[in-house]
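**Student:** data.txt (compact mmCIF, C-alpha atoms) pasted underneath:
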```txt
# COMPACT_ATOMS: atom_id res chain seq x y z
CA MET D 1317 -37.49 41.20 -37.81
CA SER D 1318 -40.88 42.38 -36.53
CA ALA D 1319 -42.56 41.10 -39.72
CA CYS D 1320 -41.68 37.54 -38.63
CA SER D 1321 -43.53 37.91 -35.35
CA GLY D 1322 -47.12 36.72 -34.87
CA ASP D 1323 -47.84 39.91 -32.90
CA LYS D 1324 -46.24 43.09 -34.22
CA GLY D 1325 -46.81 44.74 -30.87
CA ALA D 1326 -45.34 41.95 -28.73
CA LYS D 1327 -42.24 42.77 -26.67
CA PRO D 1328 -39.30 40.38 -26.41
CA ALA D 1329 -39.49 38.13 -23.35
CA PRO D 1330 -37.05 39.16 -20.65
CA SER D 1331 -33.85 37.10 -20.49
CA THR D 1332 -33.76 34.37 -17.80
CA ALA D 1333 -29.96 34.10 -17.92
CA THR D 1334 -28.13 35.16 -14.76
CA THR D 1335 -24.67 36.60 -14.34
CA PRO D 1336 -22.49 34.31 -12.22
CA ALA D 1337 -22.11 35.76 -8.78
CA ARG D 1338 -18.60 36.73 -7.77
CA SER D 1339 -17.16 34.97 -4.74
CA THR D 1340 -17.67 36.85 -1.51
CA VAL D 1341 -14.70 35.08 0.07
CA PRO D 1342 -11.75 37.51 0.42
CA PHE D 1343 -8.81 36.49 -1.76
CA SER D 1344 -5.65 35.69 0.20
CA LEU D 1345 -2.46 33.68 -0.25
CA ALA D 1346 0.07 32.49 2.32
CA VAL D 1347 3.08 30.22 1.87
CA THR D 1348 5.41 28.19 4.05
CA PRO D 1349 8.17 27.68 5.15
CA ALA D 1350 8.53 30.98 6.93
CA ALA D 1351 10.94 33.42 5.33
CA ASN D 1352 14.60 32.70 6.16
CA ALA D 1353 13.81 29.48 8.00
CA SER D 1354 16.86 27.24 8.36
CA GLY D 1355 17.70 23.65 9.28
CA LEU D 1356 14.64 22.29 7.46
CA PRO D 1357 14.22 18.59 6.52
CA LEU D 1358 15.19 17.32 3.07
CA SER D 1359 11.51 16.45 2.59
CA THR D 1360 10.34 20.05 3.01
CA GLU D 1361 7.32 20.96 0.89
CA ILE D 1362 6.09 24.40 -0.12
CA GLY D 1363 2.84 24.91 1.74
CA THR D 1364 0.14 26.90 -0.04
CA ALA D 1365 -2.88 28.32 1.80
CA VAL D 1366 -5.35 30.05 -0.53
CA THR D 1367 -8.83 31.41 0.12
CA GLY D 1368 -11.08 32.76 -2.60
CA GLY D 1369 -8.89 31.36 -5.37
CA ARG D 1370 -6.43 28.67 -6.39
CA VAL D 1371 -2.70 28.15 -6.93
CA THR D 1372 -1.74 28.64 -10.58
CA GLY D 1373 2.04 28.35 -10.39
CA VAL D 1374 4.96 27.36 -8.17
CA GLU D 1375 8.62 28.01 -8.98
CA VAL D 1376 11.41 26.78 -6.74
CA LEU D 1377 15.01 27.75 -7.44
CA SER D 1378 18.38 26.78 -6.00
CA ALA D 1379 21.48 28.64 -7.17
CA GLY D 1380 19.40 29.85 -10.11
CA LYS D 1381 18.40 26.36 -11.21
CA ARG D 1382 14.80 25.24 -11.31
CA VAL D 1383 13.78 22.45 -8.93
CA GLU D 1384 11.30 19.95 -10.35
CA GLY D 1385 8.14 19.08 -8.43
CA ALA D 1386 4.37 19.07 -8.52
CA LEU D 1387 1.40 20.41 -6.61
CA ARG D 1388 -0.54 17.96 -4.47
CA ALA D 1389 -3.97 17.06 -5.84
CA ASP D 1390 -5.66 18.99 -3.03
CA GLY D 1391 -3.53 22.07 -3.74
CA THR D 1392 -2.21 22.33 -0.18
CA ALA D 1393 1.49 21.92 -0.97
CA TRP D 1394 4.09 21.61 -3.70
CA VAL D 1395 6.20 18.44 -3.43
CA PRO D 1396 9.77 18.25 -4.80
CA ALA D 1397 10.30 15.40 -7.28
CA LYS D 1398 13.34 14.22 -5.31
CA PRO D 1399 14.86 14.97 -1.89
CA LEU D 1400 16.24 18.46 -1.41
CA THR D 1401 20.00 18.84 -1.09
CA PRO D 1402 21.44 19.15 2.43
CA SER D 1403 22.73 22.56 3.62
CA THR D 1404 21.30 24.32 0.58
CA SER D 1405 19.30 27.55 0.14
CA TYR D 1406 16.07 27.59 -1.86
CA THR D 1407 13.71 30.32 -3.04
CA ALA D 1408 10.07 29.49 -3.68
CA THR D 1409 7.56 31.72 -5.45
CA VAL D 1410 3.89 30.78 -5.41
CA THR D 1411 1.30 32.43 -7.67
CA ALA D 1412 -2.44 32.23 -7.10
CA THR D 1413 -5.43 33.55 -9.01
CA GLY D 1414 -8.51 34.74 -7.16
CA ASP D 1415 -12.09 33.96 -8.06
CA ASP D 1416 -12.36 37.62 -9.08
CA GLY D 1417 -9.50 37.27 -11.57
CA ARG D 1418 -6.82 38.98 -9.50
CA THR D 1419 -3.35 37.39 -9.35
CA GLU D 1420 -0.95 37.51 -6.44
CA SER D 1421 2.48 36.02 -5.75
CA ARG D 1422 4.31 35.27 -2.51
CA ALA D 1423 7.97 34.30 -2.16
CA THR D 1424 9.93 32.70 0.64
CA ARG D 1425 13.54 31.65 1.14
CA PHE D 1426 14.78 28.80 3.33
CA THR D 1427 17.80 26.57 3.97
CA THR D 1428 17.85 22.80 4.50
CA MET D 1429 19.55 20.95 7.33
CA SER D 1430 22.87 19.17 7.02
CA ARG D 1431 22.67 15.53 5.99
CA PRO D 1432 20.96 13.61 8.84
CA GLY D 1433 22.89 10.62 10.15
CA ASN D 1434 20.36 8.94 12.40
CA ARG D 1435 18.59 7.03 9.64
CA VAL D 1436 15.95 4.29 9.77
CA GLY D 1437 16.01 1.53 7.18
CA THR D 1438 12.85 1.30 5.08
CA GLY D 1439 11.52 -1.34 2.73
CA MET D 1440 8.78 -1.66 0.12
CA TYR D 1441 7.47 -5.02 -1.08
CA LEU D 1442 7.05 -3.96 -4.70
CA PHE D 1443 9.69 -4.20 -7.43
CA SER D 1444 9.54 -2.25 -10.68
CA GLY D 1445 8.46 -4.33 -13.63
CA GLY D 1446 6.75 -6.90 -11.43
CA THR D 1447 3.26 -8.30 -11.89
CA TYR D 1448 1.12 -8.93 -8.81
CA GLY D 1449 -2.27 -10.33 -7.85
CA VAL D 1450 -5.44 -8.27 -7.43
CA ALA D 1451 -5.17 -8.19 -3.61
CA MET D 1452 -1.58 -6.90 -3.53
CA PRO D 1453 -1.25 -4.10 -0.97
CA VAL D 1454 1.41 -1.43 -1.11
CA VAL D 1455 3.53 -2.27 1.95
CA VAL D 1456 6.06 0.16 3.47
CA GLU D 1457 8.12 -1.16 6.36
CA PHE D 1458 10.40 0.47 8.94
CA VAL D 1459 13.26 -1.75 10.07
CA ASP D 1460 13.68 -2.13 13.85
CA PHE D 1461 11.79 1.11 14.46
CA GLN D 1462 8.28 2.02 15.59
CA VAL D 1463 7.06 5.29 14.11
CA PRO D 1464 5.43 7.21 16.99
CA GLU D 1465 1.68 7.54 16.63
CA ALA D 1466 1.89 11.33 16.54
CA GLU D 1467 4.13 11.16 13.44
CA ARG D 1468 2.25 8.54 11.42
CA ALA D 1469 -0.12 10.84 9.53
CA ALA D 1470 2.76 13.06 8.39
CA VAL D 1471 4.79 10.01 7.34
CA ALA D 1472 1.86 8.59 5.36
CA ARG D 1473 1.53 11.91 3.51
CA ARG D 1474 4.97 11.24 2.06
CA LEU D 1475 3.76 8.00 0.48
CA PHE D 1476 2.23 8.38 -2.98
CA VAL D 1477 0.24 5.84 -4.99
CA THR D 1478 -1.12 6.46 -8.48
CA SER D 1479 -3.30 3.88 -10.22
CA ASP D 1480 -4.37 3.65 -13.84
CA PRO D 1481 -7.33 3.39 -14.03
CA PRO D 1482 -7.89 5.52 -10.88
CA GLN D 1483 -9.29 3.63 -7.88
CA LEU D 1484 -10.21 4.79 -4.39
CA GLY D 1485 -7.69 3.66 -1.79
CA GLY D 1486 -6.24 4.45 1.62
CA TRP D 1487 -3.49 3.72 4.16
CA HIS D 1488 -3.64 1.84 7.46
CA TRP D 1489 -0.94 1.39 10.11
CA PHE D 1490 -0.38 -2.05 11.62
CA GLY D 1491 1.63 -1.07 14.68
CA GLY D 1492 4.35 1.48 14.13
CA ASN D 1493 6.63 -0.42 11.79
CA GLN D 1494 4.35 -1.19 8.83
CA VAL D 1495 1.79 0.81 6.87
CA LEU D 1496 -0.31 -0.71 4.05
CA PHE D 1497 -2.27 0.82 1.18
CA ARG D 1498 -5.15 -0.97 -0.54
CA PRO D 1499 -8.04 0.01 -2.78
CA LYS D 1500 -11.60 -0.19 -1.47
CA GLU D 1501 -12.15 -3.28 -3.63
CA HIS D 1502 -9.57 -5.56 -5.19
CA TRP D 1503 -7.50 -3.90 -7.90
CA LYS D 1504 -9.04 -4.03 -11.33
CA PRO D 1505 -7.14 -6.60 -13.46
CA GLY D 1506 -4.53 -4.90 -15.61
CA THR D 1507 -4.17 -1.88 -13.32
CA ARG D 1508 -0.84 -0.06 -13.50
CA LEU D 1509 0.55 1.25 -10.21
CA THR D 1510 3.18 3.91 -9.63
CA VAL D 1511 4.40 4.15 -6.04
CA ARG D 1512 6.79 6.60 -4.37
CA ALA D 1513 7.92 6.40 -0.74
CA ALA D 1514 9.46 9.87 -0.41
CA LEU D 1515 11.10 9.31 2.97
CA ASP D 1516 14.75 10.23 2.35
CA GLY D 1517 15.59 12.68 5.13
CA HIS D 1518 12.00 12.85 6.34
CA PRO D 1519 11.55 13.07 10.14
CA LEU D 1520 10.09 9.84 11.55
CA GLY D 1521 10.09 10.90 15.22
CA ASN D 1522 12.48 10.45 18.13
CA GLY D 1523 15.24 12.21 16.19
CA ARG D 1524 15.26 9.60 13.41
CA TYR D 1525 14.99 10.12 9.65
CA GLY D 1526 14.08 7.99 6.63
CA ASP D 1527 17.00 6.38 4.81
CA GLN D 1528 16.20 6.83 1.11
CA GLU D 1529 13.64 7.31 -1.63
CA ARG D 1530 11.95 4.16 -2.91
CA ALA D 1531 9.81 3.89 -6.02
CA ALA D 1532 8.23 1.19 -8.16
CA SER D 1533 6.09 0.91 -11.27
CA VAL D 1534 4.21 -2.39 -11.39
CA THR D 1535 1.24 -4.08 -13.02
CA ILE D 1536 -1.71 -5.99 -11.57
CA ASP D 1537 -2.25 -9.24 -13.45
CA ALA D 1538 -4.82 -9.29 -16.23
CA SER D 1539 -6.58 -12.24 -14.54
CA ALA D 1540 -8.19 -12.23 -11.08
CA ARG D 1541 -7.15 -15.40 -9.23
CA SER D 1542 -8.16 -16.49 -5.73
CA LEU D 1543 -7.95 -19.43 -3.33
CA GLU D 1544 -10.70 -20.35 -0.85
CA VAL D 1545 -10.00 -22.83 1.96
CA ASP D 1546 -12.91 -24.27 3.97
CA ASN D 1547 -12.21 -26.20 7.17
CA ALA D 1548 -15.69 -27.74 7.08
CA THR D 1549 -15.06 -29.50 3.76
CA LYS D 1550 -11.25 -29.74 4.09
CA GLN D 1551 -10.99 -28.44 0.53
CA MET D 1552 -9.28 -25.57 -1.28
CA VAL D 1553 -10.97 -24.09 -4.35
CA ALA D 1554 -8.98 -22.17 -6.96
CA ARG D 1555 -10.83 -19.60 -9.06
CA LYS D 1556 -9.81 -17.56 -12.09
CA ASP D 1557 -11.96 -14.59 -13.05
CA GLY D 1558 -14.67 -16.02 -10.80
CA GLN D 1559 -14.71 -19.50 -12.36
CA VAL D 1560 -13.65 -22.63 -10.45
CA VAL D 1561 -10.59 -24.17 -12.11
CA ARG D 1562 -9.50 -26.75 -9.50
CA THR D 1563 -10.63 -28.23 -6.18
CA MET D 1564 -8.01 -29.72 -3.85
CA LYS D 1565 -8.08 -31.66 -0.60
CA VAL D 1566 -6.30 -30.04 2.37
CA SER D 1567 -5.27 -30.75 5.92
CA LEU D 1568 -5.14 -27.66 8.13
CA GLY D 1569 -3.68 -26.97 11.55
CA LYS D 1570 -4.55 -29.44 14.30
CA THR D 1571 -6.47 -28.26 17.37
CA SER D 1572 -3.33 -27.33 19.30
CA THR D 1573 -1.88 -25.35 16.37
CA PRO D 1574 -4.86 -24.23 14.27
CA SER D 1575 -4.63 -22.41 10.97
CA SER D 1576 -5.68 -18.77 10.97
CA SER D 1577 -9.04 -17.94 9.40
CA GLY D 1578 -9.23 -14.65 7.55
CA ASN D 1579 -8.69 -12.78 4.32
CA LEU D 1580 -5.01 -13.32 3.61
CA VAL D 1581 -2.61 -12.68 0.72
CA VAL D 1582 0.16 -14.72 -0.88
CA MET D 1583 3.25 -12.91 0.45
CA ASP D 1584 6.10 -15.01 -0.90
CA LYS D 1585 6.71 -18.12 -3.03
CA LEU D 1586 9.59 -20.53 -2.37
CA ASP D 1587 10.32 -23.53 -4.61
CA LYS D 1588 12.24 -25.12 -1.75
CA THR D 1589 12.95 -24.04 1.83
CA ILE D 1590 13.64 -25.36 5.31
CA PHE D 1591 10.95 -25.17 7.98
CA ASP D 1592 12.59 -24.98 11.41
CA SER D 1593 10.34 -24.59 14.46
CA SER D 1594 13.21 -23.02 16.40
CA THR D 1595 12.66 -19.91 14.23
CA TYR D 1596 9.41 -19.46 16.16
CA GLY D 1597 10.81 -20.38 19.56
CA VAL D 1598 10.02 -24.14 19.50
CA PRO D 1599 13.17 -26.31 19.59
CA ALA D 1600 13.33 -28.73 16.68
CA THR D 1601 14.05 -31.59 19.11
CA SER D 1602 10.95 -30.97 21.25
CA PRO D 1603 7.75 -33.06 20.84
CA ASP D 1604 6.13 -30.25 18.82
CA GLY D 1605 9.36 -29.30 17.04
CA TYR D 1606 10.39 -29.93 13.45
CA ARG D 1607 13.07 -29.22 10.88
CA SER D 1608 12.06 -30.31 7.40
CA GLU D 1609 12.73 -29.55 3.74
CA ILE D 1610 9.54 -28.14 2.22
CA HIS D 1611 8.60 -27.67 -1.43
CA TYR D 1612 6.20 -25.27 -3.19
CA ALA D 1613 5.77 -23.06 -0.11
CA GLN D 1614 3.59 -19.94 -0.28
CA ARG D 1615 3.68 -17.69 2.78
CA LEU D 1616 0.40 -16.40 4.27
CA THR D 1617 1.47 -15.03 7.68
CA TRP D 1618 4.59 -13.74 9.39
CA SER D 1619 4.16 -16.40 12.09
CA GLY D 1620 4.88 -19.15 9.57
CA GLU D 1621 1.63 -20.34 7.99
CA PHE D 1622 2.12 -21.49 4.39
CA ILE D 1623 0.42 -23.45 1.66
CA HIS D 1624 2.87 -26.22 0.76
CA ALA D 1625 3.39 -29.77 -0.44
CA ALA D 1626 2.91 -32.32 2.36
CA PRO D 1627 3.14 -35.83 0.86
CA TRP D 1628 3.31 -37.29 4.39
CA SER D 1629 -0.25 -36.14 5.16
CA VAL D 1630 -2.02 -37.15 1.93
CA GLY D 1631 -4.07 -39.72 3.84
CA ASP D 1632 -5.32 -37.00 6.17
CA GLN D 1633 -6.05 -34.41 3.49
CA GLY D 1634 -9.77 -33.96 3.03
CA VAL D 1635 -10.38 -35.88 6.29
CA ARG D 1636 -8.66 -34.37 9.35
CA ASN D 1637 -6.27 -31.59 10.38
CA VAL D 1638 -2.74 -32.62 11.37
CA SER D 1639 -0.45 -29.68 10.48
CA HIS D 1640 1.25 -27.07 12.67
CA GLY D 1641 -0.96 -24.37 11.12
CA CYS D 1642 -0.10 -24.64 7.43
CA VAL D 1643 -2.38 -25.61 4.56
CA ASN D 1644 -1.14 -29.08 3.56
CA VAL D 1645 -1.82 -30.32 0.03
CA SER D 1646 -0.51 -33.19 -2.07
CA TRP D 1647 2.71 -32.81 -4.06
CA GLU D 1648 0.75 -32.68 -7.33
CA ASP D 1649 -1.69 -30.06 -6.04
CA ALA D 1650 1.08 -28.01 -4.44
CA GLU D 1651 3.02 -27.91 -7.70
CA TRP D 1652 -0.11 -26.91 -9.63
CA VAL D 1653 -1.20 -24.17 -7.24
CA PHE D 1654 2.36 -22.84 -7.01
CA GLY D 1655 2.30 -22.29 -10.76
CA PHE D 1656 -1.24 -20.89 -10.65
CA THR D 1657 -0.78 -18.10 -8.11
CA ALA D 1658 1.15 -14.84 -7.99
CA ILE D 1659 2.33 -12.81 -5.02
CA GLY D 1660 -0.62 -10.61 -4.10
CA ASP D 1661 -3.35 -13.16 -4.85
CA PRO D 1662 -6.10 -13.36 -2.19
CA VAL D 1663 -6.44 -16.46 0.02
CA THR D 1664 -9.55 -16.84 2.19
CA ILE D 1665 -9.55 -19.39 5.03
CA ARG D 1666 -12.79 -20.14 6.89
CA GLY D 1667 -13.98 -22.10 9.89
CA THR D 1668 -10.83 -22.74 11.93
CA GLU D 1669 -10.39 -22.35 15.68
CA ARG D 1670 -8.73 -18.94 15.49
CA THR D 1671 -8.86 -15.71 13.50
CA VAL D 1672 -5.74 -14.14 12.03
CA THR D 1673 -4.23 -11.40 14.17
CA ALA D 1674 -4.13 -7.96 12.53
CA GLY D 1675 -0.63 -7.40 11.14
CA ASN D 1676 0.27 -11.10 11.11
CA GLY D 1677 0.87 -10.97 7.38
CA TRP D 1678 -0.62 -8.53 4.90
CA THR D 1679 -4.00 -8.41 6.62
CA ALA D 1680 -5.26 -5.26 4.91
CA TRP D 1681 -8.26 -7.17 3.47
CA ASP D 1682 -9.26 -8.62 6.82
CA LEU D 1683 -10.56 -5.21 7.94
CA PRO D 1684 -13.80 -3.68 6.65
CA TRP D 1685 -13.11 -0.60 4.49
CA GLU D 1686 -14.58 1.79 7.09
CA GLU D 1687 -12.26 0.41 9.77
CA PHE D 1688 -9.26 0.26 7.46
CA THR D 1689 -9.51 3.97 6.64
CA GLN D 1690 -9.88 5.07 10.27
CA ALA D 1691 -6.13 4.84 10.94
```
Could you show the structure in this file as structure tokens?
**Tutor:**
Amino acid sequence: MSACSGDKGAKPAPSTATTPARSTVPFSLAVTPAANASGLPLSTEIGTAVTGGRVTGVEVLSAGKRVEGALRADGTAWVPAKPLTPSTSYTATVTATGDDGRTESRATRFTTMSRPGNRVGTGMYLFSGGTYGVAMPVVVEFVDFQVPEAERAAVARRLFVTSDPPQLGGWHWFGGNQVLFRPKEHWKPGTRLTVRAALDGHPLGNGRYGDQERAASVTIDASARSLEVDNATKQMVARKDGQVVRTMKVSLGKTSTPSSSGNLVVMDKLDKTIFDSSTYGVPATSPDGYRSEIHYAQRLTWSGEFIHAAPWSVGDQGVRNVSHGCVNVSWEDAEWVFGFTAIGDPVTIRGTERTVTAGNGWTAWDLPWEEFTQA
């Protein structure tokens, strides 16, 4: 080998490679629940606290049978794939491997509570197999119950959203009875969503518990549609994948009952319905009251603002605002836009006398991302 060197007397250069330094953090592993704990919720998770290493295995058994589940992405807990069984004993064994290669295991045994009876009804506005627009939030609702503020973070941790392709997202509470998840930007067209609201038997506060597990696998439409309503021009513009496909004349809410400006979402679509002002506390027989059959109605707010056919106001559309807060369009335009949109499509309204109130509809997109992720 020396014959191939330009200098027979030259010494090999010293190696510049370095040996990876071993972690100086002491390796430790702790698990919860505490040994022999009893009366635990059906949503109990196996907590894993590791320093100087990582969890490499979790086994949970009940009466010798393996319980299915998975470790959270951050490694802080193992979550059962379905609610635990009431009044049942479980044994959990957690294994972790240290940065120095050592392996340790910790075991704990616990018993769940009897089946809770004080349940709160829950709802989720997604249905498996459905296709939704790019602004569709994941909405979880609590029926006739306000989750106390101190419990909301723990409740939200029991709500799981997986997107393919992966997209950054977060939860926000609108009061105590509704929590919404949205991505930072609109969903990418064609995204597949898998959602699990793992609230069966989970404590919600004030001695109440979630009623059942809810899950859905849905798809975001392959096309990005949107509607933009401008009070200044009295027009509504429909776009598909960024391109204008139709421009329509509108009449918005009159001064005494203005439409709400903001970034809204199509929440529901009704071929035919009855609008009755008494639903919102205004008698139908009063000067501002009404009870009418309405066609091609698309809900934008809980307070009753819709896009719908209004053949009686065609002469006002594009000229002046005469509605009770809805977006009035002609019969032909209403039929077209009803067929164009999907639940979850974004609707932007600009320039009216009032701004939409947070929580009056699916107002997740009306908050800047930084504010949305603060709570």
**Student:** Might you pull out every residue within 12 Å of Asp1390 in chain D, with all atoms listed in the file counted and same-chain residues fewer than 3 positions away left off, and present them as a VMD selection string?
**Tutor:** chain D and resid 1363 to 1366 1370 to 1371 1386 to 1387 1393 to 1395
**Student:** For Asp1516 in chain D, work out the shell of residues within 8 Å, counting all atoms listed in the file and skipping chain neighbours fewer than 6 positions away, then give it as a PyMOL selection string.
**Tutor:** chain D and resi 1358-1359+1399+1525-1529
**Student:** Which polymer residues have any atom within 10 Å of an atom of range 1341-1352 of chain D, counting only C-alpha atoms, with same-chain residues fewer than 6 positions away left out, as number ranges by chain?
**Tutor:** D: 1360-1371, 1392-1393, 1405-1427
**Student:** Choose the residue, out of D:Lys1381, D:Lys1504, D:Arg1615, D:Arg1670, that has the smallest atom-to-atom separation from Val1582 in chain D; count all atoms listed in the file.
**Tutor:** D:Arg1615
**Student:** Any idea what the distance is between CA of Gly1506 in chain D and CA of Asp1537 in chain D?
**Tutor:**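 Straight-line distance from CA of Gly1506 in chain D to CA of Asp1537 in chain D works out to 5.4 Å.
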**Student:** Which residue is closest to Asn1434 in chain D? Choose from D:Gly1380, D:Gly1355, D:Pro1519, D:Gly1634 and count all atoms listed in the file.
**Tutor:** D:Pro1519
**Student:** What is the distance between CA of Pro1662 in chain D and CA of Leu1515 in chain D, in Å to one decimal?
**Tutor:** 28.9 Å
**Student:** Counting all atoms listed in the file, which residues in range 1505-1604 of chain D sit no more than 8 Å from range 1435-1450 of chain D? For each one, give the nearest pair of atoms and the distance in Å, sorted by chain then residue number, as a Markdown table.
**Tutor:**
```
| residue | atom | partner | partner_atom | distance |
| --- | --- | --- | --- | --- |
| D:Pro1505 | CA | D:Val1450 | CA | 6.5 |
| D:Gly1517 | CA | D:Arg1435 | CA | 7.8 |
| D:Arg1524 | CA | D:Arg1435 | CA | 5.6 |
| D:Tyr1525 | CA | D:Arg1435 | CA | 4.7 |
| D:Gly1526 | CA | D:Val1436 | CA | 5.2 |
| D:Asp1527 | CA | D:Arg1435 | CA | 5.1 |
| D:Gln1528 | CA | D:Thr1438 | CA | 7.6 |
| D:Arg1530 | CA | D:Met1440 | CA | 7.3 |
| D:Ala1531 | CA | D:Ser1444 | CA | 7.7 |
| D:Ala1532 | CA | D:Ser1444 | CA | 4.5 |
| D:Ser1533 | CA | D:Ser1444 | CA | 4.7 |
| D:Val1534 | CA | D:Gly1446 | CA | 5.2 |
| D:Thr1535 | CA | D:Thr1447 | CA | 4.8 |
| D:Ile1536 | CA | D:Tyr1448 | CA | 4.9 |
| D:Asp1537 | CA | D:Gly1449 | CA | 5.7 |
| D:Ala1540 | CA | D:Val1450 | CA | 6.0 |
| D:Arg1541 | CA | D:Gly1449 | CA | 7.2 |
```
**Student:** Just checking: using all atoms listed in the file, which residue out of D:Pro1432, D:Pro1603, D:Pro1464, D:Gly1641 ends up closest to Ser1572 in chain D?
**Tutor:**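 Of the candidates, the smallest distance to Ser1572 in chain D is held by D:Gly1641.
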**Student:** Would you kindly identify which residues have an atom no farther than 7 Å from (9.6, -24.8, -4.2), using only C-alpha atoms and the file's own coordinates, and write them out as an mmCIF file with C-alpha atoms, in the frame of the given file?
**Tutor:**
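Everything below was put into point.cif:
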```cif
data_model
loop_
_atom_site.group_PDB
_atom_site.id
_atom_site.type_symbol
_atom_site.label_atom_id
_atom_site.label_comp_id
_atom_site.auth_asym_id
_atom_site.auth_seq_id
_atom_site.Cartn_x
_atom_site.Cartn_y
_atom_site.Cartn_z
ATOM 1 C CA LEU D 1586 9.590 -20.530 -2.370
ATOM 2 C CA ASP D 1587 10.320 -23.530 -4.610
ATOM 3 C CA LYS D 1588 12.240 -25.120 -1.750
ATOM 4 C CA THR D 1589 12.950 -24.040 1.830
ATOM 5 C CA HIS D 1611 8.600 -27.670 -1.430
ATOM 6 C CA TYR D 1612 6.200 -25.270 -3.190
ATOM 7 C CA ALA D 1613 5.770 -23.060 -0.110
#
```
